[in-house]
>>> print(open('input.txt').read())   # compact mmCIF, C-alpha atoms and all ligand atoms
# COMPACT_ATOMS: atom_id res chain seq x y z
CA MET A 1 0.00 0.00 0.00
CA THR A 2 1.29 3.47 -0.88
CA THR A 3 1.55 5.98 1.97
CA GLU A 4 1.14 9.23 0.05
CA THR A 5 -2.07 11.10 0.61
CA ARG A 6 -2.45 12.99 -2.68
CA LEU A 7 -4.08 11.11 -5.53
CA ARG A 8 -1.96 11.30 -8.68
CA ILE A 9 -3.69 11.32 -12.08
CA ALA A 10 -1.82 11.03 -15.41
CA MET A 11 -3.28 12.81 -18.42
CA GLN A 12 -2.11 13.69 -21.91
CA LYS A 13 -0.09 16.91 -21.86
CA SER A 14 -1.18 18.11 -25.27
CA GLY A 15 -3.05 16.45 -28.08
CA ARG A 16 -6.45 15.11 -28.98
CA LEU A 17 -7.39 13.93 -25.48
CA SER A 18 -6.00 16.79 -23.42
CA ASP A 19 -8.84 19.34 -23.79
CA ASP A 20 -11.59 16.78 -23.09
CA THR A 21 -9.65 15.38 -20.12
CA GLN A 22 -9.05 18.83 -18.66
CA SER A 23 -12.66 19.80 -19.13
CA LEU A 24 -13.82 16.53 -17.48
CA LEU A 25 -11.64 17.16 -14.44
CA LYS A 26 -12.81 20.77 -14.20
CA ARG A 27 -16.46 19.73 -14.45
CA CYS A 28 -15.79 17.30 -11.58
CA GLY A 29 -14.96 20.37 -9.48
CA LEU A 30 -11.15 20.13 -9.60
CA LYS A 31 -9.48 23.53 -9.70
CA LEU A 32 -6.37 23.02 -11.80
CA ASN A 33 -4.10 25.39 -13.57
CA VAL A 34 -2.39 23.58 -16.43
CA THR A 35 -1.60 26.64 -18.51
CA ASP A 36 1.99 26.79 -17.32
CA ARG A 37 4.86 24.48 -18.29
CA ARG A 38 4.86 22.45 -15.08
CA LEU A 39 4.43 18.74 -15.68
CA LEU A 40 3.04 18.12 -12.20
CA ALA A 41 0.10 20.42 -11.47
CA HIS A 42 -1.42 20.69 -8.01
CA VAL A 43 -5.19 20.83 -7.73
CA SER A 44 -5.83 23.69 -5.32
CA ASN A 45 -9.12 22.54 -3.76
CA MET A 46 -8.54 18.74 -3.45
CA PRO A 47 -5.54 16.54 -2.55
CA VAL A 48 -4.96 15.62 -6.20
CA ASP A 49 -1.91 16.09 -8.45
CA ILE A 50 -2.13 15.97 -12.23
CA MET A 51 0.86 14.57 -14.11
CA ARG A 52 0.92 15.81 -17.72
CA VAL A 53 2.77 13.42 -20.04
CA ARG A 54 2.74 11.82 -23.51
CA SER A 55 -0.23 9.49 -24.04
CA SER A 56 2.07 6.56 -24.63
CA ASP A 57 3.63 7.00 -21.16
CA ILE A 58 0.31 6.84 -19.29
CA PRO A 59 -0.29 3.04 -19.30
CA GLY A 60 3.18 2.32 -17.89
CA LEU A 61 2.88 4.98 -15.19
CA VAL A 62 -0.37 3.40 -13.98
CA MET A 63 0.79 -0.22 -14.41
CA ASP A 64 3.95 0.55 -12.41
CA GLY A 65 1.90 2.32 -9.71
CA VAL A 66 3.66 5.68 -10.22
CA CYS A 67 0.26 7.24 -10.91
CA ASP A 68 -2.94 6.06 -9.23
CA LEU A 69 -5.20 6.91 -12.15
CA GLY A 70 -4.75 7.69 -15.84
CA ILE A 71 -6.91 8.88 -18.69
CA VAL A 72 -5.83 7.35 -21.98
CA GLY A 73 -7.16 5.89 -25.23
CA ASP A 74 -7.94 2.15 -25.19
CA ASN A 75 -5.75 1.82 -28.29
CA THR A 76 -2.68 3.10 -26.43
CA LEU A 77 -3.59 1.06 -23.37
CA GLU A 78 -4.06 -2.25 -25.18
CA GLU A 79 -0.90 -1.80 -27.27
CA ALA A 80 1.13 -1.06 -24.11
CA ALA A 81 -0.37 -4.03 -22.24
CA LEU A 82 0.53 -6.42 -25.10
CA GLU A 83 4.04 -4.96 -25.37
CA ARG A 84 4.60 -5.27 -21.61
CA GLN A 85 3.31 -8.86 -21.53
CA LEU A 86 5.87 -9.66 -24.20
CA MET A 87 8.63 -8.12 -22.07
CA SER A 88 7.30 -9.79 -18.88
CA SER A 89 6.79 -6.33 -17.31
CA LYS A 90 3.83 -5.41 -15.11
CA ALA A 91 0.80 -5.09 -17.40
CA GLU A 92 -2.16 -5.07 -15.02
CA TYR A 93 -4.57 -2.21 -14.49
CA ILE A 94 -8.21 -1.73 -13.54
CA LYS A 95 -10.52 -0.18 -16.12
CA THR A 96 -12.47 2.07 -13.78
CA SER A 97 -14.70 3.80 -16.28
CA PRO A 98 -15.06 4.12 -20.04
CA LEU A 99 -15.26 7.80 -21.08
CA ASN A 100 -17.33 9.14 -23.91
CA PHE A 101 -14.68 11.05 -25.81
CA GLY A 102 -11.66 10.18 -27.98
CA GLY A 103 -13.67 7.71 -30.06
CA CYS A 104 -11.81 6.17 -32.99
CA ARG A 105 -11.00 2.84 -34.61
CA LEU A 106 -7.73 1.14 -35.50
CA SER A 107 -8.06 0.02 -39.08
CA ILE A 108 -6.14 -1.55 -41.90
CA ALA A 109 -6.21 0.63 -45.01
CA MET A 110 -4.94 -0.14 -48.48
CA PRO A 111 -4.39 1.94 -51.63
CA GLU A 112 -7.71 2.58 -53.47
CA GLU A 113 -6.65 0.35 -56.37
CA PHE A 114 -5.86 -2.66 -54.14
CA ASP A 115 -8.06 -5.65 -54.96
CA TYR A 116 -9.34 -6.51 -51.48
CA ARG A 117 -11.01 -9.93 -51.22
CA GLY A 118 -11.09 -10.51 -47.50
CA VAL A 119 -8.45 -10.88 -44.78
CA ASP A 120 -6.50 -13.53 -46.73
CA SER A 121 -5.57 -10.94 -49.35
CA LEU A 122 -3.47 -9.20 -46.66
CA ASN A 123 -1.28 -12.29 -46.15
CA GLY A 124 2.45 -11.61 -46.60
CA LEU A 125 2.04 -7.82 -46.88
CA ARG A 126 3.91 -5.10 -45.03
CA PHE A 127 2.13 -2.41 -43.00
CA ALA A 128 3.24 0.90 -41.55
CA THR A 129 1.88 1.29 -38.04
CA THR A 130 2.29 2.71 -34.55
CA TYR A 131 0.45 -0.35 -33.20
CA PRO A 132 2.53 -3.45 -34.08
CA GLN A 133 1.21 -5.57 -31.19
CA LEU A 134 -2.45 -5.00 -32.07
CA LEU A 135 -1.63 -5.69 -35.73
CA LYS A 136 0.22 -8.91 -34.85
CA ARG A 137 -2.68 -10.08 -32.68
CA PHE A 138 -5.14 -9.43 -35.49
CA ALA A 139 -2.92 -11.35 -37.93
CA ALA A 140 -2.56 -14.30 -35.53
CA GLU A 141 -6.32 -14.42 -34.88
CA ASN A 142 -6.95 -14.48 -38.61
CA GLY A 143 -4.24 -16.99 -39.54
CA ILE A 144 -2.22 -14.64 -41.73
CA ASN A 145 1.40 -13.46 -41.66
CA VAL A 146 2.18 -9.78 -41.89
CA ASP A 147 5.31 -7.69 -41.73
CA PHE A 148 5.37 -4.19 -40.27
CA CYS A 149 7.45 -1.04 -40.03
CA MET A 150 7.04 1.36 -37.12
CA LEU A 151 6.05 4.95 -37.80
CA ASN A 152 4.98 7.39 -35.09
CA GLY A 153 3.35 9.89 -37.42
CA SER A 154 2.41 10.49 -41.07
CA VAL A 155 1.62 6.78 -41.34
CA GLU A 156 -0.74 7.42 -44.27
CA VAL A 157 2.11 8.41 -46.56
CA ALA A 158 3.93 5.04 -46.28
CA PRO A 159 2.29 3.18 -49.21
CA ARG A 160 2.78 6.10 -51.60
CA VAL A 161 6.51 6.31 -50.90
CA GLY A 162 7.01 2.55 -51.16
CA LEU A 163 7.65 1.95 -47.46
CA ALA A 164 4.71 -0.42 -47.01
CA ASP A 165 1.85 -2.07 -48.89
CA GLY A 166 -0.76 -0.68 -46.52
CA ILE A 167 -1.22 0.92 -43.13
CA CYS A 168 -2.72 0.07 -39.76
CA ASP A 169 -3.69 3.35 -38.12
CA LEU A 170 -6.36 5.24 -36.21
CA VAL A 171 -9.34 6.57 -38.13
CA SER A 172 -12.11 8.84 -36.97
CA THR A 173 -13.76 10.67 -39.87
CA GLY A 174 -11.86 8.83 -42.63
CA SER A 175 -10.88 12.07 -44.36
CA THR A 176 -7.11 11.55 -43.88
CA LEU A 177 -7.35 8.15 -45.57
CA GLU A 178 -9.33 9.62 -48.44
CA ALA A 179 -6.90 12.51 -48.87
CA ASN A 180 -4.07 9.99 -49.19
CA GLY A 181 -5.76 7.66 -51.67
CA LEU A 182 -6.39 4.90 -49.12
CA LYS A 183 -9.48 2.83 -48.32
CA GLU A 184 -10.36 1.21 -45.01
CA VAL A 185 -10.61 -2.58 -45.41
CA GLU A 186 -10.67 -3.97 -41.84
CA ILE A 187 -11.44 -2.47 -38.45
CA ILE A 188 -9.23 -4.29 -35.97
CA PHE A 189 -9.92 -2.41 -32.71
CA ARG A 190 -12.50 0.13 -31.48
CA SER A 191 -11.42 2.68 -28.93
CA THR A 192 -12.55 5.47 -26.64
CA ALA A 193 -10.71 7.15 -23.80
CA SER A 194 -10.86 5.32 -20.46
CA LEU A 195 -10.16 6.06 -16.85
CA ILE A 196 -7.76 3.43 -15.54
CA GLN A 197 -6.53 2.69 -12.05
CA THR A 198 -3.44 1.04 -10.64
CA VAL A 199 -3.86 -2.46 -9.21
CA GLU A 200 -1.77 -1.39 -6.18
CA GLN A 201 -3.82 -0.87 -3.06
CA LEU A 202 -4.50 2.81 -2.44
CA SER A 203 -3.89 4.40 0.95
CA PRO A 204 -7.16 5.08 2.85
CA GLU A 205 -6.77 8.82 2.13
CA LYS A 206 -6.42 8.24 -1.60
CA GLN A 207 -9.29 5.76 -1.63
CA THR A 208 -11.52 8.40 0.00
CA ILE A 209 -10.63 10.93 -2.72
CA LEU A 210 -11.31 8.34 -5.42
CA ASP A 211 -14.67 7.48 -3.84
CA THR A 212 -15.60 11.17 -4.09
CA LEU A 213 -14.25 11.64 -7.60
CA LEU A 214 -15.62 8.56 -9.33
CA PRO A 215 -19.35 9.33 -8.98
CA ARG A 216 -18.63 12.86 -10.21
CA ILE A 217 -16.84 11.52 -13.31
CA GLN A 218 -19.70 9.14 -14.01
CA GLY A 219 -22.19 11.99 -13.51
CA VAL A 220 -20.36 14.22 -15.99
CA MET A 221 -20.24 11.38 -18.53
CA LYS A 222 -23.96 10.71 -18.12
CA ALA A 223 -24.79 14.39 -18.55
CA LYS A 224 -22.83 14.40 -21.86
CA GLU A 225 -24.79 11.44 -23.31
O1 LIG B 301 1.47 12.65 -28.61
P1 LIG B 301 1.14 11.59 -27.60
O2 LIG B 301 2.25 10.66 -27.27
O3 LIG B 301 0.53 12.20 -26.37
O4 LIG B 301 0.02 10.61 -28.20
P2 LIG B 301 -0.61 10.47 -29.63
O5 LIG B 301 0.43 10.61 -30.67
O6 LIG B 301 -1.44 9.21 -29.63
O7 LIG B 301 -1.53 11.76 -29.59
P3 LIG B 301 -2.81 12.23 -30.35
O8 LIG B 301 -3.17 13.50 -29.67
O9 LIG B 301 -2.64 12.22 -31.82
O10 LIG B 301 -3.93 11.09 -30.03
C1 LIG B 301 -4.32 10.83 -28.72
C2 LIG B 301 -5.44 9.82 -28.76
O11 LIG B 301 -6.59 10.38 -29.37
C3 LIG B 301 -5.19 8.55 -29.55
O12 LIG B 301 -4.36 7.63 -28.86
C4 LIG B 301 -6.62 8.02 -29.71
O13 LIG B 301 -7.02 7.34 -28.54
C5 LIG B 301 -7.43 9.33 -29.84
N1 LIG B 301 -7.86 9.61 -31.22
C6 LIG B 301 -9.15 9.75 -31.60
C7 LIG B 301 -7.09 9.79 -32.31
C8 LIG B 301 -7.96 10.03 -33.39
N2 LIG B 301 -9.23 10.01 -32.91
C9 LIG B 301 -7.41 10.27 -34.71
N3 LIG B 301 -8.17 10.46 -35.64
N4 LIG B 301 -5.74 9.79 -32.49
C10 LIG B 301 -5.24 10.03 -33.72
N5 LIG B 301 -6.02 10.27 -34.82
C11 LIG B 301 -5.29 10.56 -36.09
C12 LIG B 301 -4.93 9.33 -36.88
O14 LIG B 301 -3.69 8.78 -36.42
C13 LIG B 301 -4.83 9.87 -38.31
O15 LIG B 301 -3.58 10.45 -38.55
O16 LIG B 301 -6.08 11.35 -36.95
C14 LIG B 301 -5.89 10.96 -38.32
C15 LIG B 301 -7.16 10.39 -38.88
O17 LIG B 301 -8.26 11.21 -38.58
P4 LIG B 301 -9.50 11.28 -39.58
O18 LIG B 301 -10.52 12.08 -38.85
O19 LIG B 301 -9.04 11.95 -40.83
O20 LIG B 301 -9.97 9.87 -39.83
>>> encode(input="input.txt", output="structure tokens", more="lines below")
Ligand code: PRT
Amino acid sequence: MTTETRLRIAMQKSGRLSDDTQSLLKRCGLKLNVTDRRLLAHVSNMPVDIMRVRSSDIPGLVMDGVCDLGIVGDNTLEEAALERQLMSSKAEYIKTSPLNFGGCRLSIAMPEEFDYRGVDSLNGLRFATTYPQLLKRFAAENGINVDFCMLNGSVEVAPRVGLADGICDLVSTGSTLEANGLKEVEIIFRSTASLIQTVEQLSPEKQTILDTLLPRIQGVMKAKE
């Protein structure tokens, strides 16, 4: 059991989830000032600290018990959990609450002219992706072999420059795929943001804060529906 008394929450510092996360916390009554450059922001009216980091660092911080809670996309979470299982690192967490923002899907997309005839037509191809573990799991579940190359951005350009046959990337409206001459052929994972919690036992003080916070989060989510 940890002995600290302030609940520590990890959130994305800047990006697609940061505004929604900040607004959720504010609507739960937390007074936080995240306009400065500090990575650890104190909440002034509750014993809560907000750690502002890259999305991809959030699962590990919660799985290692450095942060008590985290708000992160299921895509990032699942990829990190698979990666950590592979490395025999701690990969457990509690999914405390799904959140109704950050919705997207992880999809395989191919050039428009590709003759897609089902999953088997992807066998032996190479994909650019930020999500190799989710791609490998999809391939294994479907009995196909795929190769991949890691890209952390501009994934959609890979087929055009000859780096890969297709891509495995996040899609929300589909307009980026269309603008790059790609078509979505398989959805392999559906995602929203989630509130996750460490499996480590919280100190009684932290548990009390969480017991106050959780119904507020669920109330805000319900009001948004
Ligand atoms: O930078 P950091 O390490 O913090 O993380 P990140 O690179 O994942 O950050 P960011 O801000 O791009 O995404 C944060 C999270 O937002 C993702 O992990 C998802 O859970 C969620 N999300 C929701 C998305 C999208 N929708 C999304 N559309 N993340 C990325 N995209 C990108 C996608 O990669 C593609 O380039 O948007 C483009 C496609 O969008 P459409 O609308 O044209 O289909």
>>> atom_distance(input="input.txt", atom1="atom N3 of ligand LIG 301 (chain B)", atom2="CA of Thr173 in chain A")
7.0 Å
>>> closest_residue(input="input.txt", among="A:Lys95, A:Lys183, A:Arg137, A:Arg54", to="ligand LIG 301 (chain B)", atoms="all atoms listed in the file")
A:Arg54
>>> closest_residue(input="input.txt", among="A:Asn123, A:Thr130, A:Thr5, A:Ser194", to="Asp147 in chain A", atoms="only C-alpha atoms")
A:Asn123
>>> closest_atom_pairs(input="input.txt", of="chain A", to="ligand LIG 301 (chain B)", cutoff="9 Å", atoms="all atoms listed in the file", output="JSON lines")
{"residue": "A:Met11", "atom": "CA", "partner": "B:LIG301", "partner_atom": "O3", "distance": 8.8}
{"residue": "A:Gln12", "atom": "CA", "partner": "B:LIG301", "partner_atom": "O3", "distance": 5.4}
{"residue": "A:Lys13", "atom": "CA", "partner": "B:LIG301", "partner_atom": "O3", "distance": 6.6}
{"residue": "A:Ser14", "atom": "CA", "partner": "B:LIG301", "partner_atom": "O3", "distance": 6.2}
{"residue": "A:Gly15", "atom": "CA", "partner": "B:LIG301", "partner_atom": "O8", "distance": 3.4}
{"residue": "A:Arg16", "atom": "CA", "partner": "B:LIG301", "partner_atom": "O8", "distance": 3.7}
{"residue": "A:Leu17", "atom": "CA", "partner": "B:LIG301", "partner_atom": "O11", "distance": 5.3}
{"residue": "A:Ser18", "atom": "CA", "partner": "B:LIG301", "partner_atom": "O8", "distance": 7.6}
{"residue": "A:Val53", "atom": "CA", "partner": "B:LIG301", "partner_atom": "O3", "distance": 6.8}
{"residue": "A:Arg54", "atom": "CA", "partner": "B:LIG301", "partner_atom": "O3", "distance": 3.6}
{"residue": "A:Ser55", "atom": "CA", "partner": "B:LIG301", "partner_atom": "O3", "distance": 3.7}
{"residue": "A:Ser56", "atom": "CA", "partner": "B:LIG301", "partner_atom": "O2", "distance": 4.9}
{"residue": "A:Asp57", "atom": "CA", "partner": "B:LIG301", "partner_atom": "O2", "distance": 7.3}
{"residue": "A:Ile58", "atom": "CA", "partner": "B:LIG301", "partner_atom": "O3", "distance": 8.9}
{"residue": "A:Val72", "atom": "CA", "partner": "B:LIG301", "partner_atom": "O13", "distance": 6.7}
{"residue": "A:Gly73", "atom": "CA", "partner": "B:LIG301", "partner_atom": "O13", "distance": 3.6}
{"residue": "A:Asp74", "atom": "CA", "partner": "B:LIG301", "partner_atom": "O13", "distance": 6.2}
{"residue": "A:Asn75", "atom": "CA", "partner": "B:LIG301", "partner_atom": "O13", "distance": 5.7}
{"residue": "A:Thr76", "atom": "CA", "partner": "B:LIG301", "partner_atom": "O12", "distance": 5.4}
{"residue": "A:Leu77", "atom": "CA", "partner": "B:LIG301", "partner_atom": "O12", "distance": 8.6}
{"residue": "A:Phe101", "atom": "CA", "partner": "B:LIG301", "partner_atom": "C6", "distance": 8.1}
{"residue": "A:Gly102", "atom": "CA", "partner": "B:LIG301", "partner_atom": "C6", "distance": 4.4}
{"residue": "A:Gly103", "atom": "CA", "partner": "B:LIG301", "partner_atom": "C6", "distance": 5.2}
{"residue": "A:Cys104", "atom": "CA", "partner": "B:LIG301", "partner_atom": "N2", "distance": 4.6}
{"residue": "A:Arg105", "atom": "CA", "partner": "B:LIG301", "partner_atom": "N2", "distance": 7.6}
{"residue": "A:Leu106", "atom": "CA", "partner": "B:LIG301", "partner_atom": "O14", "distance": 8.7}
{"residue": "A:Thr130", "atom": "CA", "partner": "B:LIG301", "partner_atom": "O14", "distance": 8.7}
{"residue": "A:Asn152", "atom": "CA", "partner": "B:LIG301", "partner_atom": "O5", "distance": 7.1}
{"residue": "A:Gly153", "atom": "CA", "partner": "B:LIG301", "partner_atom": "O15", "distance": 7.0}
{"residue": "A:Ser154", "atom": "CA", "partner": "B:LIG301", "partner_atom": "O15", "distance": 6.5}
{"residue": "A:Val155", "atom": "CA", "partner": "B:LIG301", "partner_atom": "O15", "distance": 6.9}
{"residue": "A:Glu156", "atom": "CA", "partner": "B:LIG301", "partner_atom": "O15", "distance": 7.1}
{"residue": "A:Asp169", "atom": "CA", "partner": "B:LIG301", "partner_atom": "O14", "distance": 5.7}
{"residue": "A:Leu170", "atom": "CA", "partner": "B:LIG301", "partner_atom": "C12", "distance": 4.4}
{"residue": "A:Val171", "atom": "CA", "partner": "B:LIG301", "partner_atom": "O20", "distance": 3.8}
{"residue": "A:Ser172", "atom": "CA", "partner": "B:LIG301", "partner_atom": "O20", "distance": 3.7}
{"residue": "A:Thr173", "atom": "CA", "partner": "B:LIG301", "partner_atom": "O18", "distance": 3.7}
{"residue": "A:Gly174", "atom": "CA", "partner": "B:LIG301", "partner_atom": "O20", "distance": 3.5}
{"residue": "A:Ser175", "atom": "CA", "partner": "B:LIG301", "partner_atom": "O19", "distance": 4.0}
{"residue": "A:Thr176", "atom": "CA", "partner": "B:LIG301", "partner_atom": "O19", "distance": 3.6}
{"residue": "A:Leu177", "atom": "CA", "partner": "B:LIG301", "partner_atom": "O19", "distance": 6.3}
{"residue": "A:Glu178", "atom": "CA", "partner": "B:LIG301", "partner_atom": "O19", "distance": 8.0}
{"residue": "A:Ala179", "atom": "CA", "partner": "B:LIG301", "partner_atom": "O19", "distance": 8.3}
{"residue": "A:Ser191", "atom": "CA", "partner": "B:LIG301", "partner_atom": "O13", "distance": 6.4}
{"residue": "A:Thr192", "atom": "CA", "partner": "B:LIG301", "partner_atom": "O13", "distance": 6.1}
{"residue": "A:Ala193", "atom": "CA", "partner": "B:LIG301", "partner_atom": "O13", "distance": 6.0}
>>> residues_around(input="input.txt", residues="Leu61 in chain A", least_positions_apart="4", cutoff="9 Å", atoms="only C-alpha atoms", output="CSV table (one decimal) with C-alpha atoms, in the frame of the given file")
chain,number,residue,atom,x,y,z
A,10,ALA,CA,-1.8,11.0,-15.4
A,57,ASP,CA,3.6,7.0,-21.2
A,65,GLY,CA,1.9,2.3,-9.7
A,66,VAL,CA,3.7,5.7,-10.2
A,67,CYS,CA,0.3,7.2,-10.9
A,68,ASP,CA,-2.9,6.1,-9.2
A,69,LEU,CA,-5.2,6.9,-12.2
A,70,GLY,CA,-4.8,7.7,-15.8
A,198,THR,CA,-3.4,1.0,-10.6
>>> residues_around(input="input.txt", residues="Leu24 in chain A", least_positions_apart="2", cutoff="12 Å", atoms="only C-alpha atoms", output="PyMOL selection string")
chain A and resi 11+17-22+26-32+71+99-101+193-195+213-214+216-224
>>> closest_residue(input="input.txt", among="A:Ile144, A:Met87, A:Leu40, A:Leu135", to="Ile167 in chain A", atoms="only C-alpha atoms")
A:Leu135
>>> closest_residue(input="input.txt", among="A:Ser44, A:Ala128, A:Tyr116, A:Cys168", to="Leu151 in chain A", atoms="only C-alpha atoms")
A:Ala128
>>> closest_residue(input="input.txt", among="A:Ala109, A:Cys149, A:Ala139, A:Ile209", to="Val185 in chain A", atoms="all atoms listed in the file")
A:Ala109
>>> atom_distance(input="input.txt", atom1="CA of Pro215 in chain A", atom2="CA of Pro47 in chain A")
16.9 Å
>>> axis_aligned_box(input="input.txt", around="range 5-21 of chain A", padding_each_side="4 Å", output="AutoDock Vina command-line options")
--center_x -5.8 --center_y 15.2 --center_z -14.2 --size_x 19.5 --size_y 16.3 --size_z 37.6
>>> closest_residue(input="input.txt", among="A:Leu7, A:Phe148, A:Glu79, A:Lys90", to="Ile50 in chain A", atoms="all atoms listed in the file")
A:Leu7
>>> atom_distance(input="input.txt", atom1="CA of Val34 in chain A", atom2="CA of Gln197 in chain A")
21.7 Å
>>> residues_near_point(input="input.txt", point="(0.9, -7.3, -46.6)", cutoff="7 Å", atoms="only C-alpha atoms", output="list in words")
Leu122, Asn123, Gly124, Leu125, Arg126, Phe127, Val146, Asp147, Asp165 and Gly166 of chain A
